[in-house]
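Novice: My structure file target.pdb, PDB, N, CA and C atoms, pLDDT in the B column, is below:
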MODEL        1
ATOM      1  N   MET A   1      88.255  86.037  99.666  1.00 66.00           N
ATOM      2  CA  MET A   1      88.318  86.577 101.016  1.00 66.00           C
ATOM      3  C   MET A   1      87.033  87.361 101.295  1.00 66.00           C
ATOM      4  N   ARG A   2      86.422  87.087 102.438  1.00 73.00           N
ATOM      5  CA  ARG A   2      85.172  87.755 102.810  1.00 73.00           C
ATOM      6  C   ARG A   2      85.459  89.134 103.400  1.00 73.00           C
ATOM      7  N   LYS A   3      84.618  90.074 103.043  1.00 77.00           N
ATOM      8  CA  LYS A   3      84.725  91.398 103.645  1.00 77.00           C
ATOM      9  C   LYS A   3      84.050  91.374 105.008  1.00 77.00           C
ATOM     10  N   ILE A   4      84.658  92.043 105.943  1.00 76.00           N
ATOM     11  CA  ILE A   4      84.078  92.158 107.266  1.00 76.00           C
ATOM     12  C   ILE A   4      83.302  93.466 107.322  1.00 76.00           C
ATOM     13  N   LYS A   5      82.021  93.347 107.650  1.00 76.00           N
ATOM     14  CA  LYS A   5      81.188  94.545 107.743  1.00 76.00           C
ATOM     15  C   LYS A   5      81.506  95.290 109.031  1.00 76.00           C
ATOM     16  N   PRO A   6      81.491  96.631 108.967  1.00 77.00           N
ATOM     17  CA  PRO A   6      81.743  97.390 110.198  1.00 77.00           C
ATOM     18  C   PRO A   6      80.596  97.227 111.186  1.00 77.00           C
ATOM     19  N   PHE A   7      80.912  97.404 112.448  1.00 77.00           N
ATOM     20  CA  PHE A   7      79.903  97.316 113.496  1.00 77.00           C
ATOM     21  C   PHE A   7      78.915  98.467 113.334  1.00 77.00           C
ATOM     22  N   VAL A   8      77.644  98.139 113.249  1.00 76.00           N
ATOM     23  CA  VAL A   8      76.595  99.152 113.163  1.00 76.00           C
ATOM     24  C   VAL A   8      75.630  98.907 114.319  1.00 76.00           C
ATOM     25  N   PRO A   9      75.704  99.754 115.345  1.00 74.00           N
ATOM     26  CA  PRO A   9      74.835  99.542 116.502  1.00 74.00           C
ATOM     27  C   PRO A   9      73.391  99.881 116.168  1.00 74.00           C
ATOM     28  N   PRO A  10      72.459  99.283 116.893  1.00 73.00           N
ATOM     29  CA  PRO A  10      71.064  99.662 116.688  1.00 73.00           C
ATOM     30  C   PRO A  10      70.868 101.117 117.079  1.00 73.00           C
ATOM     31  N   LYS A  11      69.844 101.736 116.537  1.00 71.00           N
ATOM     32  CA  LYS A  11      69.566 103.131 116.862  1.00 71.00           C
ATOM     33  C   LYS A  11      69.341 103.258 118.366  1.00 71.00           C
ATOM     34  N   PRO A  12      70.072 104.174 119.012  1.00 64.00           N
ATOM     35  CA  PRO A  12      69.937 104.315 120.458  1.00 64.00           C
ATOM     36  C   PRO A  12      68.538 104.760 120.867  1.00 64.00           C
ATOM     37  N   VAL A  13      68.112 104.277 122.010  1.00 63.00           N
ATOM     38  CA  VAL A  13      66.824 104.661 122.589  1.00 63.00           C
ATOM     39  C   VAL A  13      67.087 105.827 123.532  1.00 63.00           C
ATOM     40  N   LYS A  14      66.246 106.827 123.485  1.00 62.00           N
ATOM     41  CA  LYS A  14      66.415 107.972 124.376  1.00 62.00           C
ATOM     42  C   LYS A  14      65.309 107.955 125.421  1.00 62.00           C
ATOM     43  N   SER A  15      65.644 107.515 126.634  1.00 67.00           N
ATOM     44  CA  SER A  15      64.646 107.458 127.685  1.00 67.00           C
ATOM     45  C   SER A  15      64.815 108.586 128.702  1.00 67.00           C
ATOM     46  N   CYS A  16      66.021 109.099 128.837  1.00 82.00           N
ATOM     47  CA  CYS A  16      66.245 110.202 129.780  1.00 82.00           C
ATOM     48  C   CYS A  16      66.897 111.382 129.071  1.00 82.00           C
ATOM     49  N   GLY A  17      66.689 111.454 127.767  1.00 81.00           N
ATOM     50  CA  GLY A  17      67.228 112.566 126.986  1.00 81.00           C
ATOM     51  C   GLY A  17      68.620 112.326 126.444  1.00 81.00           C
ATOM     52  N   LYS A  18      69.180 111.164 126.709  1.00 86.00           N
ATOM     53  CA  LYS A  18      70.524 110.831 126.233  1.00 86.00           C
ATOM     54  C   LYS A  18      70.444 109.550 125.417  1.00 86.00           C
ATOM     55  N   ASN A  19      71.452 109.312 124.594  1.00 89.00           N
ATOM     56  CA  ASN A  19      71.519 108.045 123.871  1.00 89.00           C
ATOM     57  C   ASN A  19      71.766 106.937 124.883  1.00 89.00           C
ATOM     58  N   CYS A  20      70.909 105.924 124.869  1.00 90.00           N
ATOM     59  CA  CYS A  20      70.990 104.831 125.830  1.00 90.00           C
ATOM     60  C   CYS A  20      71.408 103.536 125.152  1.00 90.00           C
ATOM     61  N   TYR A  21      72.170 102.735 125.876  1.00 93.00           N
ATOM     62  CA  TYR A  21      72.596 101.429 125.399  1.00 93.00           C
ATOM     63  C   TYR A  21      72.212 100.406 126.456  1.00 93.00           C
ATOM     64  N   GLN A  22      71.859  99.219 126.018  1.00 93.00           N
ATOM     65  CA  GLN A  22      71.349  98.179 126.915  1.00 93.00           C
ATOM     66  C   GLN A  22      72.421  97.578 127.813  1.00 93.00           C
ATOM     67  N   SER A  23      73.671  97.584 127.360  1.00 96.00           N
ATOM     68  CA  SER A  23      74.739  96.973 128.153  1.00 96.00           C
ATOM     69  C   SER A  23      76.007  97.802 128.047  1.00 96.00           C
ATOM     70  N   ARG A  24      76.913  97.575 128.982  1.00 97.00           N
ATOM     71  CA  ARG A  24      78.204  98.264 128.945  1.00 97.00           C
ATOM     72  C   ARG A  24      78.986  97.847 127.700  1.00 97.00           C
ATOM     73  N   GLN A  25      78.878  96.566 127.329  1.00 96.00           N
ATOM     74  CA  GLN A  25      79.587  96.081 126.160  1.00 96.00           C
ATOM     75  C   GLN A  25      79.118  96.814 124.890  1.00 96.00           C
ATOM     76  N   GLU A  26      77.817  97.023 124.777  1.00 96.00           N
ATOM     77  CA  GLU A  26      77.283  97.739 123.621  1.00 96.00           C
ATOM     78  C   GLU A  26      77.772  99.192 123.623  1.00 96.00           C
ATOM     79  N   ALA A  27      77.726  99.850 124.767  1.00 96.00           N
ATOM     80  CA  ALA A  27      78.187 101.240 124.869  1.00 96.00           C
ATOM     81  C   ALA A  27      79.676 101.333 124.551  1.00 96.00           C
ATOM     82  N   ASP A  28      80.472 100.405 125.063  1.00 96.00           N
ATOM     83  CA  ASP A  28      81.915 100.411 124.793  1.00 96.00           C
ATOM     84  C   ASP A  28      82.211 100.175 123.313  1.00 96.00           C
ATOM     85  N   ALA A  29      81.439  99.299 122.671  1.00 95.00           N
ATOM     86  CA  ALA A  29      81.636  99.041 121.241  1.00 95.00           C
ATOM     87  C   ALA A  29      81.339 100.297 120.427  1.00 95.00           C
ATOM     88  N   VAL A  30      80.282 101.000 120.779  1.00 94.00           N
ATOM     89  CA  VAL A  30      79.937 102.242 120.084  1.00 94.00           C
ATOM     90  C   VAL A  30      81.017 103.295 120.344  1.00 94.00           C
ATOM     91  N   ALA A  31      81.506 103.361 121.567  1.00 94.00           N
ATOM     92  CA  ALA A  31      82.561 104.318 121.905  1.00 94.00           C
ATOM     93  C   ALA A  31      83.810 104.075 121.063  1.00 94.00           C
ATOM     94  N   ARG A  32      84.249 102.815 120.960  1.00 93.00           N
ATOM     95  CA  ARG A  32      85.448 102.498 120.169  1.00 93.00           C
ATOM     96  C   ARG A  32      85.225 102.843 118.690  1.00 93.00           C
ATOM     97  N   GLU A  33      84.038 102.565 118.178  1.00 92.00           N
ATOM     98  CA  GLU A  33      83.716 102.881 116.782  1.00 92.00           C
ATOM     99  C   GLU A  33      83.768 104.391 116.554  1.00 92.00           C
ATOM    100  N   GLN A  34      83.190 105.159 117.455  1.00 91.00           N
ATOM    101  CA  GLN A  34      83.196 106.617 117.326  1.00 91.00           C
ATOM    102  C   GLN A  34      84.609 107.173 117.438  1.00 91.00           C
ATOM    103  N   GLU A  35      85.407 106.615 118.337  1.00 90.00           N
ATOM    104  CA  GLU A  35      86.795 107.062 118.470  1.00 90.00           C
ATOM    105  C   GLU A  35      87.580 106.789 117.195  1.00 90.00           C
ATOM    106  N   THR A  36      87.290 105.680 116.540  1.00 90.00           N
ATOM    107  CA  THR A  36      87.952 105.361 115.281  1.00 90.00           C
ATOM    108  C   THR A  36      87.527 106.330 114.179  1.00 90.00           C
ATOM    109  N   ILE A  37      86.231 106.577 114.091  1.00 88.00           N
ATOM    110  CA  ILE A  37      85.707 107.477 113.055  1.00 88.00           C
ATOM    111  C   ILE A  37      86.269 108.881 113.229  1.00 88.00           C
ATOM    112  N   PHE A  38      86.347 109.357 114.466  1.00 85.00           N
ATOM    113  CA  PHE A  38      86.795 110.714 114.741  1.00 85.00           C
ATOM    114  C   PHE A  38      88.211 110.738 115.314  1.00 85.00           C
ATOM    115  N   ALA A  39      89.072 109.856 114.819  1.00 80.00           N
ATOM    116  CA  ALA A  39      90.434 109.711 115.337  1.00 80.00           C
ATOM    117  C   ALA A  39      91.227 111.015 115.260  1.00 80.00           C
ATOM    118  N   GLY A  40      91.022 111.794 114.215  1.00 77.00           N
ATOM    119  CA  GLY A  40      91.752 113.056 114.064  1.00 77.00           C
ATOM    120  C   GLY A  40      91.345 114.105 115.075  1.00 77.00           C
ATOM    121  N   ASP A  41      90.202 113.927 115.722  1.00 80.00           N
ATOM    122  CA  ASP A  41      89.701 114.889 116.704  1.00 80.00           C
ATOM    123  C   ASP A  41      90.122 114.547 118.126  1.00 80.00           C
ATOM    124  N   ASP A  42      90.906 113.480 118.290  1.00 81.00           N
ATOM    125  CA  ASP A  42      91.367 113.025 119.606  1.00 81.00           C
ATOM    126  C   ASP A  42      90.196 112.796 120.570  1.00 81.00           C
ATOM    127  N   LEU A  43      89.160 112.134 120.085  1.00 85.00           N
ATOM    128  CA  LEU A  43      87.964 111.850 120.871  1.00 85.00           C
ATOM    129  C   LEU A  43      88.216 110.679 121.815  1.00 85.00           C
ATOM    130  N   ARG A  44      87.884 110.847 123.089  1.00 91.00           N
ATOM    131  CA  ARG A  44      87.986 109.789 124.088  1.00 91.00           C
ATOM    132  C   ARG A  44      86.635 109.672 124.776  1.00 91.00           C
ATOM    133  N   LEU A  45      86.021 108.503 124.702  1.00 94.00           N
ATOM    134  CA  LEU A  45      84.712 108.277 125.292  1.00 94.00           C
ATOM    135  C   LEU A  45      84.788 107.200 126.366  1.00 94.00           C
ATOM    136  N   LYS A  46      83.945 107.331 127.364  1.00 95.00           N
ATOM    137  CA  LYS A  46      83.817 106.326 128.418  1.00 95.00           C
ATOM    138  C   LYS A  46      82.341 106.028 128.610  1.00 95.00           C
ATOM    139  N   SER A  47      82.055 104.796 128.983  1.00 95.00           N
ATOM    140  CA  SER A  47      80.667 104.429 129.270  1.00 95.00           C
ATOM    141  C   SER A  47      80.416 104.569 130.762  1.00 95.00           C
ATOM    142  N   TYR A  48      79.153 104.834 131.109  1.00 95.00           N
ATOM    143  CA  TYR A  48      78.774 104.888 132.520  1.00 95.00           C
ATOM    144  C   TYR A  48      77.331 104.450 132.675  1.00 95.00           C
ATOM    145  N   HIS A  49      77.024 103.897 133.827  1.00 95.00           N
ATOM    146  CA  HIS A  49      75.677 103.417 134.130  1.00 95.00           C
ATOM    147  C   HIS A  49      74.864 104.578 134.690  1.00 95.00           C
ATOM    148  N   CYS A  50      73.671 104.797 134.149  1.00 92.00           N
ATOM    149  CA  CYS A  50      72.808 105.906 134.552  1.00 92.00           C
ATOM    150  C   CYS A  50      71.884 105.469 135.688  1.00 92.00           C
ATOM    151  N   SER A  51      71.918 106.203 136.779  1.00 90.00           N
ATOM    152  CA  SER A  51      71.055 105.872 137.903  1.00 90.00           C
ATOM    153  C   SER A  51      69.608 106.298 137.645  1.00 90.00           C
ATOM    154  N   SER A  52      69.393 107.181 136.665  1.00 87.00           N
ATOM    155  CA  SER A  52      68.032 107.636 136.357  1.00 87.00           C
ATOM    156  C   SER A  52      67.244 106.624 135.537  1.00 87.00           C
ATOM    157  N   CYS A  53      67.866 106.094 134.474  1.00 88.00           N
ATOM    158  CA  CYS A  53      67.130 105.195 133.581  1.00 88.00           C
ATOM    159  C   CYS A  53      67.600 103.745 133.671  1.00 88.00           C
ATOM    160  N   GLY A  54      68.749 103.498 134.318  1.00 90.00           N
ATOM    161  CA  GLY A  54      69.256 102.136 134.468  1.00 90.00           C
ATOM    162  C   GLY A  54      69.963 101.604 133.236  1.00 90.00           C
ATOM    163  N   LYS A  55      70.188 102.431 132.247  1.00 92.00           N
ATOM    164  CA  LYS A  55      70.883 102.009 131.031  1.00 92.00           C
ATOM    165  C   LYS A  55      72.282 102.617 131.015  1.00 92.00           C
ATOM    166  N   TRP A  56      72.985 102.452 129.905  1.00 95.00           N
ATOM    167  CA  TRP A  56      74.358 102.923 129.765  1.00 95.00           C
ATOM    168  C   TRP A  56      74.422 104.092 128.797  1.00 95.00           C
ATOM    169  N   HIS A  57      75.302 105.049 129.107  1.00 94.00           N
ATOM    170  CA  HIS A  57      75.517 106.227 128.267  1.00 94.00           C
ATOM    171  C   HIS A  57      77.005 106.387 128.011  1.00 94.00           C
ATOM    172  N   LEU A  58      77.335 107.323 127.114  1.00 95.00           N
ATOM    173  CA  LEU A  58      78.729 107.657 126.834  1.00 95.00           C
ATOM    174  C   LEU A  58      78.995 109.094 127.272  1.00 95.00           C
ATOM    175  N   THR A  59      80.220 109.320 127.722  1.00 94.00           N
ATOM    176  CA  THR A  59      80.631 110.669 128.091  1.00 94.00           C
ATOM    177  C   THR A  59      82.049 110.914 127.619  1.00 94.00           C
ATOM    178  N   ARG A  60      82.365 112.180 127.413  1.00 88.00           N
ATOM    179  CA  ARG A  60      83.744 112.579 127.101  1.00 88.00           C
ATOM    180  C   ARG A  60      84.509 112.873 128.374  1.00 88.00           C
ATOM    181  N   LYS A  61      83.817 113.058 129.475  1.00 71.00           N
ATOM    182  CA  LYS A  61      84.458 113.406 130.734  1.00 71.00           C
ATOM    183  C   LYS A  61      85.273 112.237 131.259  1.00 71.00           C
ATOM    184  N   SER A  62      86.391 112.532 131.880  1.00 61.00           N
ATOM    185  CA  SER A  62      87.199 111.475 132.479  1.00 61.00           C
ATOM    186  C   SER A  62      86.774 111.287 133.929  1.00 61.00           C
ATOM    187  N   GLY A  63      87.116 110.150 134.476  1.00 52.00           N
ATOM    188  CA  GLY A  63      86.818 109.886 135.880  1.00 52.00           C
ATOM    189  C   GLY A  63      85.483 109.249 136.135  1.00 52.00           C
ATOM    190  N   THR A  64      84.678 108.963 135.084  1.00 43.00           N
ATOM    191  CA  THR A  64      83.405 108.280 135.299  1.00 43.00           C
ATOM    192  C   THR A  64      83.588 106.823 134.975  1.00 43.00           C
ATOM    193  N   ASP A  65      82.920 105.991 135.696  1.00 44.00           N
ATOM    194  CA  ASP A  65      83.010 104.546 135.434  1.00 44.00           C
ATOM    195  C   ASP A  65      81.763 103.859 135.840  1.00 44.00           C
TER     196      ASP A  65
ENDMDL
END
Any chance you could give the structure as structure tokens?
Specialist:
Amino acid sequence: MRKIKPFVPPKPVKSCGKNCYQSRQEADAVAREQETIFAGDDLRLKSYHCSSCGKWHLTRKSGTD
């Protein structure tokens, strides 16, 4: 049986001072991975499109989309 390697995202690029992701899918994948790692902390992340840099970021705040 083959072992499945965990998802390891590329190192985020910081263009506007925040961790940036190229697509919503990439940001969502990182969010789910972080939520799994920090499951005991009840972490909830959402991705949002940045109007400043045009890339995707993660936030803990609710109501952003």
Novice: Check which residues satisfy the PyMOL selection byres ((chain A and resi 18-32) around 8) in the file shown, then give them as a PyMOL selection string.
Specialist: chain A and resi 7-9+11-17+33-38+43-49+54-58
Novice: Would you return as a list in words the members of chain A that DSSP assigns to strand (DSSP E) on this structure's backbone?
Specialist: Lys46, Ser47, Tyr48, His49, Trp56, His57, Leu58 and Thr59 of chain A
Novice: Could you state the separation of atom N of Arg60 of chain A and atom C of Asp42 of chain A in Å, given to one decimal place?
Specialist: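 Computing the Euclidean distance for atom N of Arg60 of chain A and atom C of Asp42 of chain A yields 10.4 Å.
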Novice: As a list in words, please: all residues of chain A that backbone DSSP puts in helix (DSSP H, G or I).
Specialist: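 Helix (DSSP H, G or I) assignments inside chain A correspond to Arg24, Gln25, Glu26, Ala27, Asp28, Ala29, Val30, Ala31, Arg32, Glu33, Gln34, Glu35, Thr36, Ile37, Ala39, Gly40 and Asp41 of chain A.
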Novice: Enter the distance from atom C of Asp41 of chain A to atom C of Thr59 of chain A, in Å, rounded to one decimal.
Specialist: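 Pair atom C of Asp41 of chain A / atom C of Thr59 of chain A returns 13.0 Å.
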Novice: May I ask for the distance between atom CA of Ala39 of chain A and atom N of Ser51 of chain A, given in Å to one decimal place?
Specialist: 28.5 Å
Novice: Using the incomplete input, complete segment 38-56 of chain A to the level of N, CA, C and O atoms; output as a PDB file, in the coordinates of the input.
Specialist:
ATOM      1  N   PHE A  38      86.347 109.357 114.466  1.00 85.00           N
ATOM      2  CA  PHE A  38      86.795 110.714 114.741  1.00 85.00           C
ATOM      3  C   PHE A  38      88.211 110.738 115.314  1.00 85.00           C
ATOM      4  O   PHE A  38      88.533 111.571 116.161  1.00 85.00           O
ATOM      5  N   ALA A  39      89.072 109.856 114.819  1.00 80.00           N
ATOM      6  CA  ALA A  39      90.434 109.711 115.337  1.00 80.00           C
ATOM      7  C   ALA A  39      91.227 111.015 115.260  1.00 80.00           C
ATOM      8  O   ALA A  39      92.008 111.317 116.155  1.00 80.00           O
ATOM      9  N   GLY A  40      91.022 111.794 114.215  1.00 77.00           N
ATOM     10  CA  GLY A  40      91.752 113.056 114.064  1.00 77.00           C
ATOM     11  C   GLY A  40      91.345 114.105 115.075  1.00 77.00           C
ATOM     12  O   GLY A  40      92.063 115.074 115.305  1.00 77.00           O
ATOM     13  N   ASP A  41      90.202 113.927 115.722  1.00 80.00           N
ATOM     14  CA  ASP A  41      89.701 114.889 116.704  1.00 80.00           C
ATOM     15  C   ASP A  41      90.122 114.547 118.126  1.00 80.00           C
ATOM     16  O   ASP A  41      89.724 115.226 119.064  1.00 80.00           O
ATOM     17  N   ASP A  42      90.906 113.480 118.290  1.00 81.00           N
ATOM     18  CA  ASP A  42      91.367 113.025 119.606  1.00 81.00           C
ATOM     19  C   ASP A  42      90.196 112.796 120.570  1.00 81.00           C
ATOM     20  O   ASP A  42      90.216 113.215 121.721  1.00 81.00           O
ATOM     21  N   LEU A  43      89.160 112.134 120.085  1.00 85.00           N
ATOM     22  CA  LEU A  43      87.964 111.850 120.871  1.00 85.00           C
ATOM     23  C   LEU A  43      88.216 110.679 121.815  1.00 85.00           C
ATOM     24  O   LEU A  43      88.719 109.637 121.402  1.00 85.00           O
ATOM     25  N   ARG A  44      87.884 110.847 123.089  1.00 91.00           N
ATOM     26  CA  ARG A  44      87.986 109.789 124.088  1.00 91.00           C
ATOM     27  C   ARG A  44      86.635 109.672 124.776  1.00 91.00           C
ATOM     28  O   ARG A  44      86.151 110.641 125.368  1.00 91.00           O
ATOM     29  N   LEU A  45      86.021 108.503 124.702  1.00 94.00           N
ATOM     30  CA  LEU A  45      84.712 108.277 125.292  1.00 94.00           C
ATOM     31  C   LEU A  45      84.788 107.200 126.366  1.00 94.00           C
ATOM     32  O   LEU A  45      85.585 106.269 126.263  1.00 94.00           O
ATOM     33  N   LYS A  46      83.945 107.331 127.364  1.00 95.00           N
ATOM     34  CA  LYS A  46      83.817 106.326 128.418  1.00 95.00           C
ATOM     35  C   LYS A  46      82.341 106.028 128.610  1.00 95.00           C
ATOM     36  O   LYS A  46      81.499 106.902 128.450  1.00 95.00           O
ATOM     37  N   SER A  47      82.055 104.796 128.983  1.00 95.00           N
ATOM     38  CA  SER A  47      80.667 104.429 129.270  1.00 95.00           C
ATOM     39  C   SER A  47      80.416 104.569 130.762  1.00 95.00           C
ATOM     40  O   SER A  47      81.332 104.467 131.576  1.00 95.00           O
ATOM     41  N   TYR A  48      79.153 104.834 131.109  1.00 95.00           N
ATOM     42  CA  TYR A  48      78.774 104.888 132.520  1.00 95.00           C
ATOM     43  C   TYR A  48      77.331 104.450 132.675  1.00 95.00           C
ATOM     44  O   TYR A  48      76.524 104.575 131.762  1.00 95.00           O
ATOM     45  N   HIS A  49      77.024 103.897 133.827  1.00 95.00           N
ATOM     46  CA  HIS A  49      75.677 103.417 134.130  1.00 95.00           C
ATOM     47  C   HIS A  49      74.864 104.578 134.690  1.00 95.00           C
ATOM     48  O   HIS A  49      75.298 105.276 135.605  1.00 95.00           O
ATOM     49  N   CYS A  50      73.671 104.797 134.149  1.00 92.00           N
ATOM     50  CA  CYS A  50      72.808 105.906 134.552  1.00 92.00           C
ATOM     51  C   CYS A  50      71.884 105.469 135.688  1.00 92.00           C
ATOM     52  O   CYS A  50      71.147 104.494 135.552  1.00 92.00           O
ATOM     53  N   SER A  51      71.918 106.203 136.779  1.00 90.00           N
ATOM     54  CA  SER A  51      71.055 105.872 137.903  1.00 90.00           C
ATOM     55  C   SER A  51      69.608 106.298 137.645  1.00 90.00           C
ATOM     56  O   SER A  51      68.696 105.816 138.309  1.00 90.00           O
ATOM     57  N   SER A  52      69.393 107.181 136.665  1.00 87.00           N
ATOM     58  CA  SER A  52      68.032 107.636 136.357  1.00 87.00           C
ATOM     59  C   SER A  52      67.244 106.624 135.537  1.00 87.00           C
ATOM     60  O   SER A  52      66.098 106.334 135.852  1.00 87.00           O
ATOM     61  N   CYS A  53      67.866 106.094 134.474  1.00 88.00           N
ATOM     62  CA  CYS A  53      67.130 105.195 133.581  1.00 88.00           C
ATOM     63  C   CYS A  53      67.600 103.745 133.671  1.00 88.00           C
ATOM     64  O   CYS A  53      66.965 102.855 133.116  1.00 88.00           O
ATOM     65  N   GLY A  54      68.749 103.498 134.318  1.00 90.00           N
ATOM     66  CA  GLY A  54      69.256 102.136 134.468  1.00 90.00           C
ATOM     67  C   GLY A  54      69.963 101.604 133.236  1.00 90.00           C
ATOM     68  O   GLY A  54      70.327 100.430 133.196  1.00 90.00           O
ATOM     69  N   LYS A  55      70.188 102.431 132.247  1.00 92.00           N
ATOM     70  CA  LYS A  55      70.883 102.009 131.031  1.00 92.00           C
ATOM     71  C   LYS A  55      72.282 102.617 131.015  1.00 92.00           C
ATOM     72  O   LYS A  55      72.716 103.209 131.991  1.00 92.00           O
ATOM     73  N   TRP A  56      72.985 102.452 129.905  1.00 95.00           N
ATOM     74  CA  TRP A  56      74.358 102.923 129.765  1.00 95.00           C
ATOM     75  C   TRP A  56      74.422 104.092 128.797  1.00 95.00           C
ATOM     76  O   TRP A  56      73.693 104.139 127.821  1.00 95.00           O
TER      77      TRP A  56
END
